[in-house]
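**Q** The file below is run08.cif, mmCIF, C-alpha atoms and all ligand atoms:
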data_upload
#
loop_
_atom_site.label_atom_id
_atom_site.label_comp_id
_atom_site.auth_asym_id
_atom_site.auth_seq_id
_atom_site.Cartn_x
_atom_site.Cartn_y
_atom_site.Cartn_z
CA MET I 232 30.89 -10.26 -10.38
CA ALA I 233 27.93 -8.53 -11.96
CA ARG I 234 27.11 -5.08 -10.63
CA ILE I 235 23.77 -5.08 -8.89
CA ASN I 236 21.05 -2.46 -8.86
CA ASP I 237 22.12 -0.60 -5.71
CA ASN I 238 18.66 0.92 -5.37
CA TYR I 239 17.49 -2.41 -3.93
CA LEU I 240 19.84 -1.84 -1.00
CA LYS I 241 17.85 1.26 -0.06
CA LEU I 242 14.78 -0.86 0.71
CA SER I 243 14.66 -0.88 4.47
CA ALA I 244 13.30 -4.33 5.32
CA GLY I 245 11.64 -7.31 3.68
CA TYR I 246 8.36 -6.70 1.87
CA LEU I 247 5.65 -6.19 4.49
CA PHE I 248 3.55 -9.34 4.14
CA PRO I 249 6.38 -11.90 3.91
CA GLU I 250 7.89 -10.16 6.96
CA ILE I 251 4.63 -10.65 8.86
CA ALA I 252 4.44 -14.27 7.70
CA ARG I 253 8.00 -14.79 8.96
CA ARG I 254 7.16 -13.43 12.42
CA VAL I 255 4.00 -15.55 12.58
CA ARG I 256 5.96 -18.67 11.59
CA THR I 257 8.50 -18.00 14.33
CA PHE I 258 5.69 -17.60 16.88
CA GLN I 259 3.94 -20.76 15.66
CA GLN I 260 7.16 -22.77 15.93
CA ALA I 261 7.57 -21.63 19.54
CA HIS I 262 3.85 -22.24 20.30
CA PRO I 263 2.83 -25.20 18.16
CA ASP I 264 -0.58 -25.54 19.85
CA ALA I 265 -1.64 -21.91 19.28
CA GLN I 266 -4.65 -21.69 16.93
CA ILE I 267 -3.65 -18.57 15.04
CA ILE I 268 -6.34 -16.56 13.23
CA ARG I 269 -5.03 -14.55 10.30
CA LEU I 270 -6.63 -11.19 9.55
CA GLY I 271 -3.42 -9.72 8.18
CA ILE I 272 -2.91 -9.88 4.44
CA GLY I 273 -6.12 -9.29 2.52
CA ASP I 274 -6.41 -12.77 1.12
CA VAL I 275 -9.85 -14.15 0.36
CA VAL I 276 -11.07 -17.35 2.02
CA LEU I 277 -14.32 -18.23 0.24
CA PRO I 278 -14.02 -20.77 -2.58
CA LEU I 279 -14.38 -19.56 -6.16
CA PRO I 280 -18.06 -18.99 -7.03
CA ALA I 281 -19.61 -22.00 -8.78
CA SER I 282 -20.59 -20.35 -12.06
CA ILE I 283 -17.10 -18.89 -12.38
CA CYS I 284 -15.52 -22.32 -11.84
CA ASP I 285 -17.95 -23.75 -14.39
CA ALA I 286 -16.78 -21.19 -16.94
CA MET I 287 -13.15 -22.04 -16.18
CA ASN I 288 -13.83 -25.77 -16.46
CA ALA I 289 -15.69 -25.31 -19.74
CA ALA I 290 -12.70 -23.37 -21.10
CA VAL I 291 -10.33 -26.14 -20.02
CA ASP I 292 -12.57 -28.65 -21.84
CA GLU I 293 -12.36 -26.50 -24.96
CA LEU I 294 -8.57 -26.67 -24.74
CA ARG I 295 -8.78 -30.48 -25.04
CA THR I 296 -10.24 -30.15 -28.51
CA GLU I 297 -8.59 -29.20 -31.77
CA ALA I 298 -11.27 -26.65 -32.54
CA GLY I 299 -11.21 -25.11 -29.08
CA PHE I 300 -7.48 -25.12 -28.39
CA HIS I 301 -5.90 -21.74 -27.64
CA GLY I 302 -2.19 -21.06 -27.69
CA TYR I 303 -0.79 -17.58 -27.18
CA GLY I 304 -3.70 -15.20 -26.83
CA PRO I 305 -3.66 -11.49 -27.48
CA GLU I 306 -1.24 -9.96 -24.94
CA GLN I 307 -3.77 -7.27 -24.13
CA GLY I 308 -6.51 -9.79 -23.30
CA TYR I 309 -9.26 -11.48 -25.25
CA GLU I 310 -11.83 -9.23 -26.85
CA PHE I 311 -14.69 -11.04 -25.07
CA LEU I 312 -13.31 -9.98 -21.68
CA ARG I 313 -12.28 -6.45 -22.63
CA SER I 314 -15.74 -5.78 -24.14
CA ALA I 315 -17.46 -7.13 -21.04
CA ILE I 316 -15.29 -4.87 -18.85
CA ALA I 317 -16.03 -1.80 -20.98
CA GLU I 318 -19.76 -2.50 -20.83
CA HIS I 319 -20.23 -3.64 -17.23
CA ASP I 320 -17.56 -1.77 -15.29
CA PHE I 321 -17.69 1.51 -17.19
CA ALA I 322 -20.61 2.06 -19.60
CA SER I 323 -22.98 1.00 -16.81
CA ARG I 324 -21.67 3.98 -14.80
CA GLY I 325 -21.88 6.41 -17.72
CA VAL I 326 -18.19 6.16 -18.62
CA THR I 327 -17.00 5.41 -22.15
CA ILE I 328 -13.88 3.27 -22.21
CA ASP I 329 -12.83 1.67 -25.48
CA PRO I 330 -12.00 -2.05 -25.09
CA ASP I 331 -8.66 -1.16 -26.73
CA GLU I 332 -7.84 0.98 -23.71
CA ILE I 333 -8.06 -2.05 -21.40
CA PHE I 334 -5.02 -4.26 -20.68
CA VAL I 335 -5.83 -7.56 -18.98
CA SER I 336 -3.07 -8.68 -16.63
CA ASP I 337 -2.15 -11.07 -13.85
CA GLY I 338 -2.71 -8.64 -11.00
CA SER I 339 -2.93 -5.08 -9.77
CA LYS I 340 0.18 -5.61 -7.66
CA CYS I 341 2.13 -6.19 -10.89
CA ASP I 342 0.35 -3.41 -12.78
CA SER I 343 0.76 -0.79 -10.08
CA GLY I 344 4.36 -1.87 -9.63
CA ASN I 345 5.21 -1.94 -13.34
CA VAL I 346 3.51 1.24 -14.49
CA GLN I 347 6.35 3.46 -13.21
CA GLU I 348 8.57 2.03 -15.98
CA LEU I 349 6.89 4.44 -18.39
CA PHE I 350 8.23 7.47 -16.60
CA ALA I 351 11.61 9.17 -16.35
CA VAL I 352 13.91 8.25 -13.52
CA ASP I 353 13.80 11.88 -12.37
CA ALA I 354 10.00 12.04 -12.46
CA ARG I 355 8.71 13.52 -9.22
CA VAL I 356 6.37 11.15 -7.43
CA ALA I 357 3.72 11.86 -4.78
CA ILE I 358 2.70 8.97 -2.58
CA PRO I 359 0.13 8.94 0.24
CA ASP I 360 1.31 7.92 3.69
CA PRO I 361 0.19 5.30 4.75
CA VAL I 362 0.12 3.47 1.42
CA TYR I 363 0.08 0.05 -0.25
CA PRO I 364 3.86 -0.55 -0.15
CA VAL I 365 4.19 -1.62 -3.79
CA TYR I 366 3.82 1.94 -5.11
CA LEU I 367 6.72 3.20 -3.03
CA ASP I 368 9.03 0.20 -3.17
CA THR I 369 8.92 -0.04 -6.96
CA ASN I 370 9.91 3.61 -7.27
CA VAL I 371 12.78 3.00 -4.86
CA MET I 372 13.89 0.01 -6.96
CA ALA I 373 13.76 2.17 -10.09
CA GLY I 374 16.10 4.74 -8.55
CA ARG I 375 13.59 7.54 -8.17
CA THR I 376 14.53 8.18 -4.51
CA GLY I 377 17.44 8.75 -2.22
CA SER I 378 17.93 6.76 0.97
CA ALA I 379 15.36 6.26 3.70
CA ASP I 380 15.53 8.22 6.96
CA GLN I 381 14.93 6.69 10.40
CA ASN I 382 11.15 6.87 9.80
CA GLY I 383 11.51 4.92 6.57
CA ARG I 384 10.81 8.02 4.46
CA TYR I 385 12.78 8.20 1.23
CA ALA I 386 14.44 11.39 0.04
CA GLY I 387 12.91 12.71 -3.15
CA ILE I 388 9.36 11.38 -2.61
CA VAL I 389 6.58 13.89 -1.96
CA TYR I 390 4.62 12.26 0.87
CA LEU I 391 0.93 13.02 1.23
CA PRO I 392 0.01 12.51 4.89
CA CYS I 393 -3.31 10.77 5.49
CA THR I 394 -4.35 11.30 9.08
CA ALA I 395 -7.48 11.20 11.21
CA GLN I 396 -7.45 15.04 10.97
CA ASN I 397 -7.86 15.04 7.18
CA GLY I 398 -10.15 12.00 7.19
CA PHE I 399 -7.30 9.98 5.60
CA LEU I 400 -7.83 11.95 2.39
CA PRO I 401 -4.58 13.38 1.06
CA ALA I 402 -4.70 16.92 -0.28
CA PRO I 403 -2.94 17.81 -3.54
CA PRO I 404 0.53 19.23 -2.84
CA ASP I 405 1.37 22.90 -3.43
CA GLU I 406 4.20 21.94 -5.75
CA LYS I 407 4.34 20.23 -9.13
CA VAL I 408 4.78 16.47 -9.23
CA ASP I 409 4.66 14.24 -12.30
CA LEU I 410 2.97 11.18 -10.82
CA VAL I 411 0.43 10.75 -8.05
CA TYR I 412 -0.63 7.37 -6.65
CA LEU I 413 -4.16 7.27 -5.27
CA CYS I 414 -6.12 4.29 -3.96
CA PHE I 415 -9.85 4.46 -3.22
CA PRO I 416 -11.47 2.71 -1.44
CA ASN I 417 -8.21 2.92 0.39
CA ASN I 418 -5.87 0.19 1.38
CA PRO I 419 -4.99 0.37 4.29
CA THR I 420 -7.27 3.00 5.90
CA GLY I 421 -10.58 2.04 4.27
CA ALA I 422 -11.24 5.72 3.47
CA VAL I 423 -13.19 6.66 0.35
CA ALA I 424 -12.98 9.72 -1.86
CA ARG I 425 -16.11 11.56 -2.82
CA ARG I 426 -16.67 13.13 -6.20
CA GLU I 427 -15.41 16.55 -5.07
CA ASP I 428 -12.24 15.01 -3.57
CA LEU I 429 -11.38 13.27 -6.83
CA ALA I 430 -12.31 16.38 -8.84
CA ARG I 431 -9.62 18.31 -6.91
CA TRP I 432 -7.05 15.72 -7.95
CA VAL I 433 -8.14 15.79 -11.58
CA ALA I 434 -7.91 19.60 -11.54
CA TYR I 435 -4.43 19.33 -9.99
CA ALA I 436 -3.31 16.88 -12.69
CA HIS I 437 -4.56 19.18 -15.44
CA ARG I 438 -2.89 22.20 -13.86
CA TYR I 439 0.51 20.54 -13.41
CA ASP I 440 0.45 18.04 -16.31
CA ALA I 441 0.60 15.22 -13.80
CA VAL I 442 -0.58 11.64 -14.27
CA LEU I 443 -2.86 10.09 -11.63
CA LEU I 444 -2.31 6.38 -11.00
CA PHE I 445 -5.67 5.39 -9.54
CA ASP I 446 -5.97 2.02 -7.82
CA ALA I 447 -9.63 1.01 -7.69
CA ALA I 448 -9.03 -2.63 -6.72
CA TYR I 449 -11.59 -2.35 -3.91
CA GLU I 450 -14.37 -0.47 -5.75
CA ALA I 451 -16.82 -3.40 -5.46
CA PHE I 452 -16.80 -2.94 -1.67
CA ILE I 453 -18.35 0.54 -1.86
CA THR I 454 -21.73 0.45 -0.11
CA GLU I 455 -22.68 4.15 -0.18
CA SER I 456 -24.40 5.18 -3.39
CA ASP I 457 -22.77 8.59 -3.95
CA ILE I 458 -19.14 7.39 -3.99
CA PRO I 459 -17.48 7.18 -7.44
CA HIS I 460 -16.26 3.69 -8.38
CA SER I 461 -13.93 4.93 -11.10
CA ILE I 462 -11.77 8.04 -11.46
CA TYR I 463 -13.27 8.32 -14.96
CA GLU I 464 -16.61 9.30 -13.42
CA ILE I 465 -14.92 12.69 -12.91
CA ASP I 466 -14.93 15.07 -15.90
CA GLY I 467 -11.50 15.42 -17.46
CA ALA I 468 -10.04 12.32 -15.76
CA LYS I 469 -9.66 10.43 -19.03
CA ASP I 470 -6.95 12.91 -20.04
CA VAL I 471 -4.87 12.47 -16.90
CA ALA I 472 -5.54 9.12 -15.19
CA ILE I 473 -4.61 5.46 -15.44
CA GLU I 474 -6.83 3.08 -13.45
CA PHE I 475 -6.18 -0.37 -11.93
CA ARG I 476 -8.89 -2.95 -11.28
CA SER I 477 -8.70 -6.48 -9.99
CA TYR I 478 -10.79 -9.65 -9.71
CA SER I 479 -8.73 -10.79 -6.70
CA LYS I 480 -10.81 -9.59 -3.80
CA THR I 481 -14.22 -9.49 -5.49
CA ALA I 482 -14.34 -12.81 -7.30
CA GLY I 483 -11.77 -14.66 -5.20
CA PHE I 484 -8.94 -14.55 -7.78
CA THR I 485 -6.00 -13.96 -5.42
CA GLY I 486 -4.63 -17.35 -6.43
CA THR I 487 -6.18 -17.51 -9.91
CA ARG I 488 -4.73 -14.10 -10.93
CA CYS I 489 -6.59 -11.70 -13.18
CA ALA I 490 -6.79 -7.92 -13.21
CA TYR I 491 -6.71 -5.11 -15.70
CA MET I 492 -5.39 -1.65 -16.24
CA VAL I 493 -7.09 1.15 -18.18
CA VAL I 494 -4.79 3.44 -20.14
CA PRO I 495 -6.97 5.92 -22.04
CA LYS I 496 -5.61 7.00 -25.41
CA SER I 497 -5.93 10.60 -24.28
CA VAL I 498 -3.36 10.37 -21.44
CA GLY I 499 0.05 11.64 -22.41
CA GLY I 500 3.55 12.34 -21.16
CA ILE I 501 6.47 14.43 -22.36
CA ALA I 502 9.56 13.07 -24.11
CA ALA I 503 13.05 14.54 -23.61
CA ASP I 504 12.65 16.55 -26.84
CA GLY I 505 9.48 18.17 -25.47
CA SER I 506 7.08 16.23 -27.70
CA ARG I 507 3.89 14.71 -26.32
CA VAL I 508 3.69 10.91 -26.29
CA ASP I 509 0.58 8.78 -25.73
CA LEU I 510 1.04 6.57 -22.69
CA HIS I 511 -1.29 4.06 -24.34
CA ARG I 512 1.28 3.56 -27.08
CA LEU I 513 4.09 3.10 -24.56
CA TRP I 514 2.12 0.71 -22.37
CA THR I 515 1.12 -1.33 -25.43
CA ARG I 516 4.80 -1.65 -26.27
CA ARG I 517 5.70 -2.57 -22.72
CA HIS I 518 2.86 -5.05 -22.26
CA THR I 519 3.39 -6.82 -25.56
CA THR I 520 7.13 -7.06 -24.91
CA LYS I 521 7.08 -8.28 -21.34
CA PHE I 522 3.78 -10.13 -21.00
CA ASN I 523 2.14 -12.95 -22.91
CA GLY I 524 -1.38 -12.64 -21.60
CA VAL I 525 -3.52 -14.24 -18.92
CA SER I 526 -4.51 -17.83 -19.64
CA TYR I 527 -7.68 -18.47 -21.65
CA PRO I 528 -9.55 -20.36 -18.88
CA VAL I 529 -8.83 -17.59 -16.38
CA GLN I 530 -10.07 -14.91 -18.77
CA ARG I 531 -13.23 -16.96 -19.39
CA ALA I 532 -13.68 -17.19 -15.63
CA ALA I 533 -13.20 -13.43 -15.28
CA ALA I 534 -15.80 -12.83 -18.01
CA ALA I 535 -18.24 -15.06 -16.11
CA THR I 536 -18.21 -12.54 -13.24
CA TYR I 537 -20.30 -10.30 -15.53
CA ALA I 538 -22.97 -12.89 -16.36
CA PRO I 539 -26.13 -12.53 -14.24
CA HIS I 540 -25.41 -15.58 -12.08
CA GLY I 541 -21.74 -14.67 -11.67
CA ARG I 542 -22.64 -11.13 -10.64
CA ASP I 543 -24.97 -12.45 -7.93
CA GLU I 544 -22.31 -14.82 -6.63
CA VAL I 545 -19.66 -12.10 -6.56
CA ARG I 546 -22.08 -9.77 -4.78
CA ALA I 547 -22.74 -12.47 -2.17
CA HIS I 548 -18.99 -12.79 -1.51
CA VAL I 549 -18.57 -9.04 -1.20
CA ASP I 550 -21.58 -8.84 1.16
CA TYR I 551 -20.15 -11.66 3.27
CA TYR I 552 -16.82 -9.88 3.72
CA MET I 553 -18.53 -6.56 4.39
CA GLY I 554 -20.60 -8.35 7.05
CA ASN I 555 -17.29 -9.27 8.67
CA ALA I 556 -16.12 -5.66 8.37
CA ALA I 557 -19.27 -4.45 10.16
CA LEU I 558 -18.71 -6.99 12.95
CA ILE I 559 -15.07 -5.93 13.36
CA ARG I 560 -16.02 -2.26 13.46
CA ARG I 561 -18.80 -2.78 16.00
CA SER I 562 -16.81 -5.04 18.25
CA LEU I 563 -13.67 -2.86 18.37
CA ALA I 564 -15.71 0.32 18.84
CA SER I 565 -17.51 -1.33 21.77
CA LEU I 566 -14.08 -1.74 23.43
CA GLY I 567 -13.66 2.03 23.19
CA LEU I 568 -11.17 1.85 20.32
CA GLU I 569 -11.00 4.51 17.61
CA VAL I 570 -12.12 2.73 14.45
CA HIS I 571 -11.99 3.89 10.81
CA GLY I 572 -12.85 2.28 7.48
CA GLY I 573 -14.79 -0.94 7.07
CA VAL I 574 -17.89 0.78 5.61
CA ASN I 575 -16.91 1.01 1.93
CA ALA I 576 -13.79 -1.13 2.14
CA PRO I 577 -12.82 -4.54 3.49
CA TYR I 578 -10.20 -3.05 5.83
CA VAL I 579 -10.71 -1.67 9.32
CA TRP I 580 -8.10 0.83 10.50
CA VAL I 581 -7.90 1.06 14.24
CA ARG I 582 -5.92 3.22 16.66
CA THR I 583 -3.69 0.93 18.71
CA PRO I 584 -4.74 0.67 22.38
CA GLU I 585 -2.68 1.19 25.52
CA GLY I 586 -0.35 3.62 23.72
CA LEU I 587 1.33 0.71 21.94
CA GLY I 588 3.29 1.27 18.73
CA SER I 589 1.85 -0.63 15.79
CA TRP I 590 4.51 -3.38 15.74
CA GLU I 591 4.20 -3.62 19.55
CA PHE I 592 0.47 -4.11 19.14
CA PHE I 593 1.13 -6.69 16.41
CA ASP I 594 3.22 -8.67 18.91
CA ALA I 595 0.74 -8.17 21.76
CA LEU I 596 -2.18 -9.31 19.61
CA LEU I 597 -0.26 -12.34 18.41
CA THR I 598 0.94 -13.39 21.84
CA ARG I 599 -2.16 -12.48 23.88
CA ALA I 600 -4.91 -13.37 21.39
CA HIS I 601 -3.16 -15.43 18.69
CA VAL I 602 -4.60 -13.07 16.09
CA VAL I 603 -2.61 -11.65 13.18
CA GLY I 604 -3.25 -8.20 11.75
CA THR I 605 -1.07 -5.71 9.90
CA PRO I 606 0.85 -3.00 11.75
CA GLY I 607 0.03 0.44 10.39
CA ALA I 608 3.71 1.44 10.43
CA GLY I 609 4.28 -1.17 7.71
CA PHE I 610 2.34 1.12 5.37
CA GLY I 611 4.32 4.26 6.20
CA ALA I 612 5.31 6.64 8.96
CA CYS I 613 1.77 8.05 9.30
CA GLY I 614 0.53 4.51 9.93
CA GLU I 615 2.41 4.38 13.24
CA GLY I 616 -0.08 4.06 16.08
CA TYR I 617 -2.58 2.29 13.83
CA PHE I 618 -3.35 -1.29 12.98
CA ARG I 619 -5.23 -2.85 10.05
CA LEU I 620 -7.61 -5.76 10.36
CA SER I 621 -8.74 -7.42 7.17
CA ALA I 622 -12.36 -8.49 6.75
CA PHE I 623 -11.30 -11.37 4.48
CA GLY I 624 -11.88 -14.18 6.96
CA LYS I 625 -14.35 -16.95 7.64
CA ARG I 626 -17.19 -15.58 9.76
CA ASP I 627 -16.59 -17.94 12.68
CA ASN I 628 -12.88 -17.08 12.68
CA VAL I 629 -13.65 -13.38 12.68
CA GLU I 630 -16.08 -13.85 15.58
CA GLU I 631 -13.55 -15.92 17.48
CA ALA I 632 -10.79 -13.36 16.83
CA LEU I 633 -12.99 -10.55 18.10
CA GLU I 634 -13.89 -12.50 21.22
CA ARG I 635 -10.19 -13.14 21.92
CA ILE I 636 -9.40 -9.44 21.36
CA ARG I 637 -12.17 -8.54 23.81
CA ARG I 638 -10.72 -10.88 26.42
CA ALA I 639 -7.14 -9.67 25.88
CA PHE I 640 -7.75 -5.92 25.56
CA GLY I 641 -11.31 -5.28 26.82
C1 LIG I 701 -3.16 -6.37 1.33
O1 LIG I 701 -3.36 -7.10 2.28
O2 LIG I 701 -2.82 -5.19 1.46
C2 LIG I 701 -3.30 -6.93 -0.03
O3 LIG I 701 -3.79 -8.23 0.03
C3 LIG I 701 -2.03 -6.96 -0.71
C4 LIG I 701 -2.19 -7.20 -2.17
O4 LIG I 701 -3.30 -7.13 -2.72
O5 LIG I 701 -1.16 -7.40 -2.79
#
Mind converting the file's structure to structure tokens?
**A**
Amino acid sequence: MARINDNYLKLSAGYLFPEIARRVRTFQQAHPDAQIIRLGIGDVVLPLPASICDAMNAAVDELRTEAGFHGYGPEQGYEFLRSAIAEHDFASRGVTIDPDEIFVSDGSKCDSGNVQELFAVDARVAIPDPVYPVYLDTNVMAGRTGSADQNGRYAGIVYLPCTAQNGFLPAPPDEKVDLVYLCFPNNPTGAVARREDLARWVAYAHRYDAVLLFDAAYEAFITESDIPHSIYEIDGAKDVAIEFRSYSKTAGFTGTRCAYMVVPKSVGGIAADGSRVDLHRLWTRRHTTKFNGVSYPVQRAAAATYAPHGRDEVRAHVDYYMGNAALIRRSLASLGLEVHGGVNAPYVWVRTPEGLGSWEFFDALLTRAHVVGTPGAGFGACGEGYFRLSAFGKRDNVEEALERIRRAFG
């Protein structure tokens, strides 16, 4: 028999969202009449904006013609999309990113999971707690950790606690690490980092020759004007940071799949012989070897999000979800619950009531209100005692869920 990668055996349970789906299925089978409302995984519910579908359809029509047919595209993404990204996502905020530094992909989950391949197996990794589980699990799979303890914390990882006391903003550690994962606006807590918070991380990375892996998948949900949307808005970040962006939550691409990663040519790492290596060169090699590009119609659709009409439609979707977030915040706060997030992010992070653990509250909410959320403990030990509600729902479902929560826990 073939030897397996034993590191997979260190992973404590199933991946968080399939595990939740499994529990919900079991409950639904036992209670077939229950009308379950899902505010768990952050999956969008509004249909794709019309102008974006039109662009996708037009691209499909091109593919029917000899002149407009496209086979393999450039692995890194079509120039038309990378230029639009550089102009609209970065130049518009005073940041210069060369289209060559942008790698179009099929999702930030894949990008943030794959990026660790560039680094040594003994690279020291700092990960916030709670955190989007992909960052941690992919490092476990790669063999960068020991086993998990009873709290699910893996030996070898430098955990950065994010608590109500520190405003869910992790502080740089006192020791050297090689890689730091950051996500702002944050999934799951909804916290945002201000300029000075990010500047501390950039200074840390310069001091310790660390690389920041900055997940900005939720930047479009920022409502306050003084919050940076990109790590590159901070001086010096282009030398130390890789950034992830996604069309999933903004333009409704969770099923369509399109995202991108920025790897500036100025970010480097160290080879075993002590020489400096550009990460851009390594990622180009990795991307062109393992990925054949996002389909032409999907890239045309992504580019349409930057046209005036597309921008308005995307903005309307974001506003709709943030309207849900405001409702969730207000309603839970009126029950006397401690509520965080939901102002610059589509996630509301709430202290569980009645002293319940987060999985206990998951079960109570499902059985008493038929509402699904995400237990904070699923994002890490510091998430215990918290619960995440996603604002990605239909308005009437969100209102109904809140009314049921009021009846069950008010
Ligand atoms: C979430 O609910 O945390 C996200 O939808 C997960 C993801 O984007 O993969």
**Q** Between atom CA of Tyr551 of chain I and atom CA of Arg626 of chain I, what is the distance in Å, rounded to a tenth?
**A**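 Taking atom CA of Tyr551 of chain I as the start and atom CA of Arg626 of chain I as the end point, the length is 8.1 Å.
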**Q** Need the neighbours of (-12.8, 10.7, -10.3): which residues are at most 6 Å away, counting all atoms listed in the file, as a ChimeraX atom specification?
**A** /I:429-430,461-465
**Q** Given a cut-off of 8 Å, what residues near ligand LIG 701 (chain I) show up using only C-alpha atoms and all ligand atoms, put as a PyMOL selection string?
**A** chain I and resi 248+271-274+339-340+363+365+418-419+479-480+485+621
**Q** Can you work out the spacing between atom CA of Leu510 of chain I and atom CA of Ser497 of chain I in Å, to one decimal?
**A**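 Interatomic distance here is 8.2 Å.
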**Q** From the list I:Asp457, I:Glu591, I:Asp353, I:Glu631, which residue is nearest Ala608 of chain I when using only C-alpha atoms?
**A**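 Closest residue, counting only C-alpha atoms: I:Glu591.
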**Q** Of the residues I:Pro330, I:Pro606, I:Gly554, I:Pro280, which is the one nearest to Lys625 of chain I, using only C-alpha atoms?
**A**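 For Lys625 of chain I, the nearest of the candidates is I:Gly554.
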**Q** I'd like the neighbourhood of segment 387-392 of chain I as JSON, numbers by chain, where a residue qualifies if any of its atoms comes within 6 Å (using all atoms listed in the file), though same-chain residues fewer than 5 positions away should be ignored.
**A** {"I": [356, 357, 358, 359, 360, 376, 401]}
